[in-house]
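*Asks:* Structure file input_32.txt, compact mmCIF, C-alpha atoms, is pasted below:
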```txt
# COMPACT_ATOMS: atom_id res chain seq x y z
CA MET Z 1 130.16 155.74 34.24
CA LEU Z 2 126.77 157.20 35.14
CA ARG Z 3 126.55 159.35 38.26
CA LYS Z 4 124.70 157.70 41.12
CA ILE Z 5 121.51 159.20 42.52
CA LYS Z 6 122.30 160.59 45.98
CA ILE Z 7 119.31 160.04 48.23
CA ALA Z 8 119.14 161.01 51.88
CA PHE Z 9 116.59 159.82 54.42
CA MET Z 10 115.78 161.55 57.69
CA SER Z 11 115.98 158.43 59.84
CA ASP Z 12 115.53 159.89 63.32
CA ALA Z 13 111.96 158.53 63.58
CA MET Z 14 113.25 155.09 62.63
CA ASP Z 15 115.71 155.24 65.53
CA ARG Z 16 113.21 156.41 68.12
CA ARG Z 17 110.29 154.14 67.23
CA PRO Z 18 111.74 150.99 65.61
CA GLU Z 19 108.59 148.95 66.26
CA ARG Z 20 106.57 151.43 64.17
CA SER Z 21 109.17 152.03 61.48
CA ILE Z 22 109.27 148.70 59.67
CA THR Z 23 108.18 150.40 56.42
CA SER Z 24 111.15 152.79 56.53
CA ARG Z 25 113.65 150.08 57.37
CA ARG Z 26 112.46 147.72 54.64
CA LEU Z 27 112.53 150.56 52.12
CA VAL Z 28 116.19 151.31 52.81
CA GLU Z 29 117.18 147.63 52.95
CA ASN Z 30 115.68 146.95 49.54
CA LEU Z 31 116.90 150.18 47.93
CA LEU Z 32 120.42 149.07 48.82
CA LYS Z 33 120.01 146.43 46.12
CA HIS Z 34 120.08 149.24 43.52
CA PRO Z 35 123.68 150.02 42.47
CA GLU Z 36 122.39 153.28 40.94
CA LEU Z 37 121.69 154.71 44.39
CA ASP Z 38 124.03 156.31 46.91
CA ILE Z 39 122.10 156.18 50.19
CA TYR Z 40 122.56 158.43 53.22
CA LEU Z 41 120.82 158.08 56.59
CA ILE Z 42 120.70 161.28 58.62
CA HIS Z 43 120.00 161.26 62.35
CA TYR Z 44 121.15 162.62 65.70
CA GLN Z 45 122.64 159.70 67.57
CA LYS Z 46 124.90 156.88 66.46
CA MET Z 47 123.27 153.43 66.52
CA PRO Z 48 126.27 151.13 67.11
CA ASP Z 49 124.22 147.93 67.16
CA ASP Z 50 122.26 148.64 63.99
CA PRO Z 51 123.84 146.88 60.99
CA LEU Z 52 121.77 148.93 58.54
CA TYR Z 53 123.86 152.04 59.27
CA GLN Z 54 127.01 150.11 58.40
CA ARG Z 55 125.71 149.57 54.86
CA VAL Z 56 124.97 153.22 54.06
CA HIS Z 57 126.56 156.64 54.43
CA GLU Z 58 125.71 157.79 57.95
CA ILE Z 59 125.45 161.47 58.81
CA ILE Z 60 125.05 162.37 62.48
CA ILE Z 61 123.75 165.85 63.21
CA PRO Z 62 125.26 167.10 66.49
CA LEU Z 63 122.51 168.18 68.85
CA LEU Z 64 122.79 171.79 69.97
CA PRO Z 65 122.54 172.12 73.78
CA LEU Z 66 119.27 174.06 73.85
CA PRO Z 67 116.48 173.90 76.44
CA TRP Z 68 113.86 173.21 73.76
CA ALA Z 69 113.52 172.48 70.02
CA SER Z 70 117.13 171.29 69.87
CA HIS Z 71 116.32 168.75 67.13
CA PHE Z 72 114.80 171.43 64.91
CA PHE Z 73 117.58 174.00 65.36
CA SER Z 74 120.23 171.34 64.94
CA PHE Z 75 118.62 170.22 61.69
CA LEU Z 76 118.41 173.83 60.49
CA TRP Z 77 122.10 174.35 61.32
CA PHE Z 78 122.94 171.21 59.34
CA CYS Z 79 120.96 172.46 56.30
CA LEU Z 80 122.84 175.77 56.33
CA LYS Z 81 126.34 174.44 56.98
CA THR Z 82 126.62 171.04 55.30
CA LYS Z 83 128.71 170.66 52.16
CA GLU Z 84 126.63 167.68 51.02
CA LYS Z 85 124.25 168.04 48.08
CA PHE Z 86 121.56 165.45 47.50
CA ASP Z 87 119.39 164.61 44.53
CA ILE Z 88 116.54 163.58 46.81
CA PHE Z 89 115.83 164.14 50.48
CA GLN Z 90 113.03 161.98 51.87
CA TRP Z 91 111.14 162.34 55.12
CA MET Z 92 110.06 158.86 56.21
CA VAL Z 93 107.06 160.16 58.14
CA ALA Z 94 104.81 163.19 57.61
CA ARG Z 95 106.71 165.32 60.11
CA PRO Z 96 108.99 167.73 58.26
CA TYR Z 97 110.50 170.48 60.39
CA PRO Z 98 109.96 174.19 59.71
CA PHE Z 99 112.21 175.42 56.92
CA PHE Z 100 112.54 171.84 55.65
CA TRP Z 101 112.88 173.36 52.17
CA LEU Z 102 116.37 174.60 53.09
CA VAL Z 103 117.70 171.05 52.95
CA PRO Z 104 120.39 170.83 50.22
CA ALA Z 105 118.49 168.63 47.78
CA GLU Z 106 117.13 168.97 44.27
CA LYS Z 107 113.86 167.23 45.18
CA ILE Z 108 112.00 166.65 48.45
CA VAL Z 109 109.81 163.57 49.03
CA VAL Z 110 107.55 162.92 52.04
CA THR Z 111 106.11 159.50 52.90
CA ALA Z 112 102.89 160.69 54.50
CA HIS Z 113 101.33 157.20 54.63
CA ASP Z 114 97.84 158.72 54.90
CA GLY Z 115 96.03 161.96 55.68
CA TYR Z 116 94.75 160.96 59.11
CA VAL Z 117 95.92 163.44 61.73
CA GLY Z 118 95.05 163.75 65.39
CA LEU Z 119 94.67 167.50 65.66
CA TRP Z 120 93.90 167.26 69.36
CA THR Z 121 97.64 167.09 70.12
CA VAL Z 122 100.04 170.01 69.73
CA PRO Z 123 102.72 168.09 67.75
CA ASN Z 124 100.20 166.74 65.24
CA THR Z 125 98.65 170.18 64.73
CA PHE Z 126 102.13 171.61 64.18
CA PHE Z 127 103.14 169.05 61.54
CA TRP Z 128 99.73 169.26 59.88
CA ALA Z 129 100.41 172.97 59.40
CA MET Z 130 103.81 172.20 57.83
CA LEU Z 131 102.21 170.07 55.13
CA ARG Z 132 99.05 172.13 54.75
CA PHE Z 133 100.75 175.47 54.18
CA PHE Z 134 104.19 174.58 52.83
CA HIS Z 135 103.56 171.58 50.57
CA ARG Z 136 104.57 173.72 47.58
CA TYR Z 137 108.18 172.93 48.54
CA ILE Z 138 107.53 169.18 48.30
CA ASP Z 139 107.95 167.43 44.96
CA ALA Z 140 106.18 164.17 45.82
CA ILE Z 141 104.02 162.89 48.68
CA ILE Z 142 103.50 159.14 49.02
CA GLY Z 143 100.28 157.54 50.23
CA VAL Z 144 100.07 153.82 50.96
CA SER Z 145 96.68 153.25 49.27
CA GLU Z 146 94.39 155.05 46.86
CA PHE Z 147 92.18 155.97 49.81
CA ALA Z 148 95.21 157.35 51.68
CA SER Z 149 96.27 159.41 48.67
CA LYS Z 150 92.81 160.94 48.36
CA GLU Z 151 92.86 161.68 52.08
CA ILE Z 152 96.25 163.41 51.72
CA ILE Z 153 94.92 165.56 48.87
CA TYR Z 154 91.85 166.51 50.91
CA THR Z 155 93.60 167.04 54.26
CA TYR Z 156 96.57 169.08 53.05
CA HIS Z 157 95.07 170.61 49.88
CA VAL Z 158 97.88 169.15 47.78
CA ARG Z 159 97.68 169.13 43.99
CA PRO Z 160 96.75 165.57 42.91
CA GLU Z 161 99.68 165.32 40.47
CA LYS Z 162 102.07 165.55 43.44
CA VAL Z 163 100.56 162.59 45.30
CA PHE Z 164 101.56 159.00 44.48
CA THR Z 165 100.19 155.70 45.74
CA ILE Z 166 102.68 152.99 46.67
CA TYR Z 167 101.27 150.01 48.56
CA ASN Z 168 103.04 148.66 51.62
CA GLY Z 169 104.72 145.29 51.52
CA ILE Z 170 104.97 142.43 53.99
CA ASP Z 171 107.97 140.38 55.05
CA PRO Z 172 108.38 136.86 53.62
CA LEU Z 173 108.47 135.55 57.20
CA PHE Z 174 104.68 135.98 57.23
CA ARG Z 175 103.59 132.52 56.18
CA HIS Z 176 101.72 129.69 57.82
CA VAL Z 177 103.49 128.11 60.78
CA SER Z 178 102.79 124.47 61.64
CA GLU Z 179 100.59 123.97 64.69
CA ASN Z 180 103.24 122.28 66.85
CA LYS Z 181 105.86 124.93 66.12
CA ALA Z 182 103.36 127.76 66.55
CA ARG Z 183 102.16 126.47 69.93
CA HIS Z 184 105.75 126.20 71.13
CA ILE Z 185 106.36 129.85 70.20
CA VAL Z 186 103.10 131.13 71.66
CA LYS Z 187 103.67 129.36 74.98
CA LYS Z 188 106.72 131.57 75.56
CA TYR Z 189 104.24 134.38 76.20
CA GLY Z 190 102.21 132.41 78.71
CA ILE Z 191 99.48 131.67 76.14
CA ASP Z 192 98.28 128.09 76.32
CA ILE Z 193 94.82 128.15 74.79
CA ASP Z 194 93.28 125.96 72.13
CA LYS Z 195 91.42 128.45 69.93
CA TYR Z 196 91.22 132.22 69.79
CA PHE Z 197 90.32 135.28 67.77
CA ILE Z 198 93.17 137.75 67.48
CA TYR Z 199 93.62 141.49 67.16
CA VAL Z 200 97.05 142.95 66.29
CA GLY Z 201 97.80 146.67 66.27
CA GLY Z 202 97.66 149.78 68.40
CA LEU Z 203 95.02 150.35 71.05
CA GLN Z 204 94.31 153.98 70.13
CA THR Z 205 90.68 155.10 70.00
CA HIS Z 206 90.44 155.00 66.20
CA LYS Z 207 91.58 151.37 66.21
CA ASN Z 208 88.16 150.56 67.69
CA VAL Z 209 89.42 147.68 69.84
CA LYS Z 210 86.59 148.26 72.31
CA ARG Z 211 84.09 147.09 69.71
CA ALA Z 212 86.10 143.94 69.09
CA VAL Z 213 85.76 143.29 72.82
CA GLU Z 214 82.03 144.14 72.75
CA ALA Z 215 81.54 141.78 69.80
CA TYR Z 216 83.35 138.98 71.61
CA ILE Z 217 81.19 139.45 74.71
CA LEU Z 218 78.05 139.34 72.54
CA LEU Z 219 79.33 136.19 70.85
CA ARG Z 220 79.89 134.44 74.16
CA ASP Z 221 76.41 135.49 75.28
CA THR Z 222 74.73 134.04 72.18
CA ALA Z 223 76.85 131.15 70.92
CA ASN Z 224 78.60 128.11 72.32
CA ILE Z 225 82.16 128.68 71.15
CA ARG Z 226 85.59 127.67 72.43
CA GLU Z 227 87.55 130.69 71.20
CA LYS Z 228 89.16 133.20 73.52
CA LEU Z 229 90.05 136.77 72.43
CA LEU Z 230 93.74 137.65 72.22
CA ILE Z 231 94.68 141.34 71.83
CA ILE Z 232 98.28 142.17 70.89
CA GLY Z 233 99.26 145.82 71.03
CA LYS Z 234 100.78 148.55 73.16
CA SER Z 235 98.40 150.60 75.26
CA SER Z 236 97.79 154.15 74.12
CA TYR Z 237 95.09 156.80 74.39
CA GLY Z 238 91.75 155.00 74.27
CA ALA Z 239 93.17 151.69 75.51
CA GLU Z 240 91.39 152.00 78.85
CA GLU Z 241 88.02 151.53 77.12
CA ALA Z 242 88.96 148.08 75.87
CA HIS Z 243 90.65 147.13 79.15
CA ASN Z 244 87.67 148.25 81.24
CA LEU Z 245 85.20 146.36 79.07
CA ALA Z 246 87.26 143.20 79.35
CA GLU Z 247 87.86 143.48 83.10
CA ASN Z 248 84.20 144.13 83.90
CA SER Z 249 82.96 141.28 81.72
CA GLN Z 250 82.06 137.84 83.02
CA TYR Z 251 84.47 136.56 80.33
CA SER Z 252 87.42 138.61 81.61
CA LYS Z 253 89.60 135.50 82.00
CA ASP Z 254 89.08 134.72 78.31
CA ILE Z 255 90.10 138.17 77.01
CA LEU Z 256 93.89 138.31 77.04
CA PHE Z 257 96.20 141.26 76.39
CA ILE Z 258 99.83 141.07 75.27
CA ASN Z 259 101.74 144.33 75.14
CA TYR Z 260 104.25 143.40 72.44
CA VAL Z 261 105.25 140.49 70.22
CA PRO Z 262 108.35 140.83 68.01
CA LEU Z 263 107.97 140.47 64.26
CA ASP Z 264 109.59 137.03 64.11
CA ASP Z 265 106.99 135.50 66.45
CA LEU Z 266 103.84 137.13 65.02
CA PRO Z 267 103.29 134.51 62.27
CA ALA Z 268 102.85 131.84 64.95
CA PHE Z 269 100.11 133.89 66.66
CA TYR Z 270 98.35 134.51 63.35
CA SER Z 271 98.61 130.87 62.27
CA LEU Z 272 96.81 129.52 65.33
CA ALA Z 273 93.98 132.07 65.24
CA THR Z 274 90.45 131.33 64.08
CA ALA Z 275 90.41 134.80 62.53
CA LEU Z 276 91.93 138.26 62.78
CA VAL Z 277 89.37 140.81 63.98
CA PHE Z 278 90.48 144.25 62.81
CA PRO Z 279 87.56 146.71 63.10
CA SER Z 280 89.55 149.95 62.76
CA LEU Z 281 87.71 153.19 61.96
CA ASN Z 282 90.52 154.72 59.93
CA GLU Z 283 93.55 153.17 58.25
CA GLY Z 284 95.79 154.34 55.46
CA PHE Z 285 96.42 150.69 54.63
CA GLY Z 286 95.99 148.14 57.43
CA LEU Z 287 99.12 146.00 57.37
CA PRO Z 288 97.93 143.37 59.92
CA ILE Z 289 95.19 142.15 57.59
CA ILE Z 290 97.72 141.32 54.85
CA GLU Z 291 100.09 139.73 57.38
CA ALA Z 292 97.26 137.53 58.67
CA MET Z 293 96.20 136.55 55.15
CA ALA Z 294 99.77 135.53 54.29
CA CYS Z 295 99.66 133.18 57.29
CA GLY Z 296 96.42 131.61 56.07
CA THR Z 297 94.29 133.31 58.72
CA PRO Z 298 90.77 134.49 57.80
CA VAL Z 299 90.22 138.23 58.26
CA ILE Z 300 87.30 140.26 59.55
CA THR Z 301 87.80 143.97 58.91
CA SER Z 302 85.95 147.24 58.47
CA ASN Z 303 84.03 148.40 55.41
CA VAL Z 304 85.43 151.94 55.79
CA SER Z 305 88.62 153.89 54.93
CA ALA Z 306 91.36 151.94 53.10
CA LEU Z 307 90.47 148.55 54.55
CA PRO Z 308 88.18 147.26 51.76
CA GLU Z 309 90.86 148.31 49.27
CA ALA Z 310 93.62 146.54 51.20
CA ALA Z 311 91.46 143.44 51.75
CA GLY Z 312 90.87 143.07 48.02
CA GLY Z 313 87.75 140.91 48.34
CA ALA Z 314 89.55 138.33 50.51
CA ALA Z 315 88.02 139.26 53.89
CA LEU Z 316 84.65 139.56 55.59
CA LEU Z 317 83.77 143.26 55.75
CA VAL Z 318 81.71 144.58 58.66
CA ASN Z 319 80.28 147.85 59.92
CA PRO Z 320 82.90 148.86 62.53
CA TYR Z 321 80.33 150.93 64.44
CA ASP Z 322 78.06 147.89 64.93
CA SER Z 323 79.30 145.34 67.48
CA THR Z 324 76.53 142.94 66.49
CA ASP Z 325 77.70 142.95 62.88
CA ILE Z 326 81.26 142.16 64.00
CA MET Z 327 79.94 139.42 66.28
CA LYS Z 328 77.99 137.78 63.44
CA ALA Z 329 81.09 137.67 61.27
CA MET Z 330 83.09 136.08 64.10
CA ASN Z 331 80.39 133.48 64.65
CA LYS Z 332 80.16 132.73 60.92
CA ILE Z 333 83.88 132.00 60.61
CA SER Z 334 83.91 129.98 63.84
CA GLU Z 335 81.07 127.72 62.65
CA ASP Z 336 81.56 127.54 58.86
CA GLY Z 337 84.58 125.46 57.91
CA PHE Z 338 83.96 125.98 54.17
CA LEU Z 339 83.98 129.76 54.59
CA LYS Z 340 87.15 129.57 56.65
CA LYS Z 341 88.87 127.50 53.93
CA GLU Z 342 87.67 129.90 51.20
CA LEU Z 343 89.00 132.95 53.05
CA ASN Z 344 92.24 131.10 53.74
CA GLU Z 345 92.83 130.45 50.03
CA LYS Z 346 91.76 133.91 48.87
CA GLY Z 347 93.86 135.58 51.53
CA ILE Z 348 97.07 133.72 50.72
CA LYS Z 349 96.66 134.54 47.02
CA HIS Z 350 95.91 138.22 47.71
CA ALA Z 351 98.81 138.61 50.15
CA GLY Z 352 101.15 137.48 47.37
CA ASN Z 353 100.63 140.88 45.72
CA PHE Z 354 102.50 142.71 48.50
CA SER Z 355 106.25 142.66 49.06
CA TRP Z 356 108.87 145.10 50.33
CA GLU Z 357 110.86 144.52 47.14
CA LYS Z 358 107.94 145.82 45.10
CA TYR Z 359 107.42 148.72 47.52
CA ALA Z 360 111.08 149.78 47.21
CA GLU Z 361 111.08 149.36 43.43
CA GLU Z 362 108.11 151.69 43.06
CA ASN Z 363 109.83 154.26 45.28
CA PHE Z 364 112.91 153.98 43.07
CA LEU Z 365 110.84 154.52 39.91
CA LEU Z 366 109.28 157.58 41.56
CA TYR Z 367 112.74 159.03 42.24
CA ARG Z 368 113.68 158.62 38.59
CA ARG Z 369 110.39 160.16 37.53
CA ILE Z 370 110.70 163.35 39.56
CA LEU Z 371 114.36 163.70 38.54
CA ASN Z 372 113.28 163.33 34.88
CA LEU Z 373 115.52 160.31 34.39
CA ASN Z 374 112.89 158.04 32.80
```
Represent the structure from my file as structure tokens, please.

*Replies:*
Amino acid sequence: MLRKIKIAFMSDAMDRRPERSITSRRLVENLLKHPELDIYLIHYQKMPDDPLYQRVHEIIIPLLPLPWASHFFSFLWFCLKTKEKFDIFQWMVARPYPFFWLVPAEKIVVTAHDGYVGLWTVPNTFFWAMLRFFHRYIDAIIGVSEFASKEIIYTYHVRPEKVFTIYNGIDPLFRHVSENKARHIVKKYGIDIDKYFIYVGGLQTHKNVKRAVEAYILLRDTANIREKLLIIGKSSYGAEEAHNLAENSQYSKDILFINYVPLDDLPAFYSLATALVFPSLNEGFGLPIIEAMACGTPVITSNVSALPEAAGGAALLVNPYDSTDIMKAMNKISEDGFLKKELNEKGIKHAGNFSWEKYAEENFLLYRRILNLN
């Protein structure tokens, strides 16, 4: 009988930010389908209501009672004292602790997603330094697009042969929802409007939501349309710009904000939308545009960073720095039924290329490659 590959994931980030860790969760769920793998999830606090931990080997690192940096010192203590030996240890986000190379594993993998870092915050500067100056201890870094991989190479000065592109997937629940069912779901959130443009994602500055609002205001000033603007996303740094623009506009009642919509309900919101407006300035991938396409929703997105690559010719690309350009694309989709149908068909076909099963399989093949098992 062949020995199983022992792979450990640092899952603390998945515990603390579940709404932003869908990639990590889907990776583990689909890797569990591989009988060749022995999977360990390592974290600091037991998650009694999480069924995923019941399907793997769970290792809980006791937190040392320290006034600061207790997670780091507890992890370091675990590395030095544990009797476990892993074939692969994988960080699910680009935030390895100092001395991460002491982890008892033959190979270390980091899912960096992309090379975009906000160096204006102390934590991001700290973790940037970990990857920039200690990447020699990492055997593979994963980017979620070719653009992201190039960004990782440039940002952290990593040798190209250590960087691998594995595209994100989307859940099969992202598919078109019938109008009656979708309206029933959407009404739970107090949304009872006929037509709308939608934005889904964070409200950070680089997401450029303010220009989506500016474009909508320009559209209402110049065209006779029925659509409202619906923005779904948690407020963060930069969110006040979009909120202030909306509140001070004469169309403030038609620009609606929803803080959070769970994954199961998002397809209904996408399915009723005239189009997704996603004018981000920097994305490693841009998952909402593929989710929207899978639901048959036309997409307007930026012509910069990884977004043209992710869109694959199935979206209208705009200059994200030009609100007028975004507005024209919104107006075009609103008025042109043939264009809307064309984008609908292209988008559904393109979205079929992305699945979490494929994402996990490519991770698995990478593990075998760096362990020289191919």

*Asks:* What does the distance from atom CA of Pro320 of chain Z to atom CA of Glu227 of chain Z come to in Å, to one decimal?

*Replies:*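 For atom CA of Pro320 of chain Z relative to atom CA of Glu227 of chain Z, the distance reads 20.7 Å.
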
*Asks:* Could you state the separation of atom CA of Ala140 of chain Z and atom CA of Pro35 of chain Z in Å, given to one decimal place?

*Replies:*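 These atoms are spaced 22.8 Å apart.
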
*Asks:* Between Z:Lys328, Z:Lys234, Z:Lys228, Z:Arg175, single out the one closest to Gly201 of chain Z, counting all atoms listed in the file.

*Replies:*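 For Gly201 of chain Z, the nearest of the candidates is Z:Lys234.
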
*Asks:* So which one's closest to Thr297 of chain Z, Z:Pro262, Z:Pro160, Z:Gly233, Z:Gly347? Using only C-alpha atoms, please.

*Replies:* Z:Gly347

*Asks:* Considering all atoms listed in the file, return as an mmCIF file with C-alpha atoms, in the coordinates of the input whatever protein or nucleic-acid residues lie within 7 Å of Glu291 of chain Z, sequence-local ones (same chain, fewer than 4 positions apart) excluded.

*Replies:*
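Generated file (out_17.cif):
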```
data_model
loop_
_atom_site.group_PDB
_atom_site.id
_atom_site.type_symbol
_atom_site.label_atom_id
_atom_site.label_comp_id
_atom_site.auth_asym_id
_atom_site.auth_seq_id
_atom_site.Cartn_x
_atom_site.Cartn_y
_atom_site.Cartn_z
ATOM 1 C CA ILE Z 170 104.970 142.430 53.990
ATOM 2 C CA PHE Z 174 104.680 135.980 57.230
ATOM 3 C CA LEU Z 287 99.120 146.000 57.370
ATOM 4 C CA CYS Z 295 99.660 133.180 57.290
#
```

*Asks:* Take the point (86.5, 140.7, 54.5) in the file's coordinates, draw a sphere of radius 10 Å around it, and report as a PyMOL selection string every protein, DNA or RNA residue with an atom inside or on it, counting only C-alpha atoms.

*Replies:* chain Z and resi 277-278+289+298-303+307-308+310-318+329+343+347

*Asks:* Considering only C-alpha atoms, return as an MDAnalysis selection string whatever protein or nucleic-acid residues lie within 8 Å of Ala148 of chain Z, sequence-local ones (same chain, fewer than 4 positions apart) excluded.

*Replies:* chainID Z and resid 113:115 143:144 152 165 283:285 306

*Asks:* Looking at Z:Ala112, Z:Glu342, Z:Asn248, Z:Ile333, which one is nearest to Ser24 of chain Z, with distances taken over all atoms listed in the file?

*Replies:*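 Under the stated criterion, the closest residue is Z:Ala112.
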
*Asks:* Rounded to one decimal place, report the atom CA of Met92 of chain Z-atom CA of Tyr270 of chain Z distance in Å.

*Replies:* 27.9 Å

*Asks:* Is there a way to get, as a list in words, all residues within 8 Å of the point (88.9, 156.7, 52.0) in file coordinates, counting all atoms listed in the file?

*Replies:*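 Those residues lying close to the given coordinates are Glu146, Phe147, Ala148, Lys150, Glu151, Val304, Ser305 and Ala306 of chain Z.
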
*Asks:* Of the residues Z:Thr222, Z:Asn168, Z:Thr324, Z:Thr125, which is the one nearest to Ala351 of chain Z, using all atoms listed in the file?

*Replies:*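 Smallest separation from Ala351 of chain Z among the options: Z:Asn168.
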
*Asks:* Give the padded box for segment 256-260 of chain Z as JSON: axis-aligned, covering all atoms listed in the file, 3 Å on each side, centre and edge lengths in Å to one decimal.

*Replies:*
```
{"center_x": 99.1, "center_y": 141.3, "center_z": 74.7, "size_x": 16.4, "size_y": 12.0, "size_z": 10.6}
```

*Asks:* Mind checking which residues fall within 8 Å of His206 of chain Z, counting only C-alpha atoms, ignoring those fewer than 3 positions away in the same chain, and posting them as a ChimeraX atom specification?

*Replies:* /Z:280-282

*Asks:* Take the selection from the previous step and output its residues with C-alpha atoms, as a tab-separated table (two decimals), in the frame of the given file.

*Replies:*
```tsv
chain	number	residue	atom	x	y	z
Z	280	SER	CA	89.55	149.95	62.76
Z	281	LEU	CA	87.71	153.19	61.96
Z	282	ASN	CA	90.52	154.72	59.93
```

*Asks:* Choose the residue, out of Z:Ala69, Z:Ala8, Z:Leu276, Z:Leu131, that has the smallest atom-to-atom separation from Phe197 of chain Z; count only C-alpha atoms.

*Replies:*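 Of all the options, Z:Leu276 lies closest to Phe197 of chain Z.
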
*Asks:* Using only C-alpha atoms, which of Z:Leu219, Z:Ala273, Z:Leu339, Z:Ile141 sits nearest Val200 of chain Z?

*Replies:* Z:Ala273
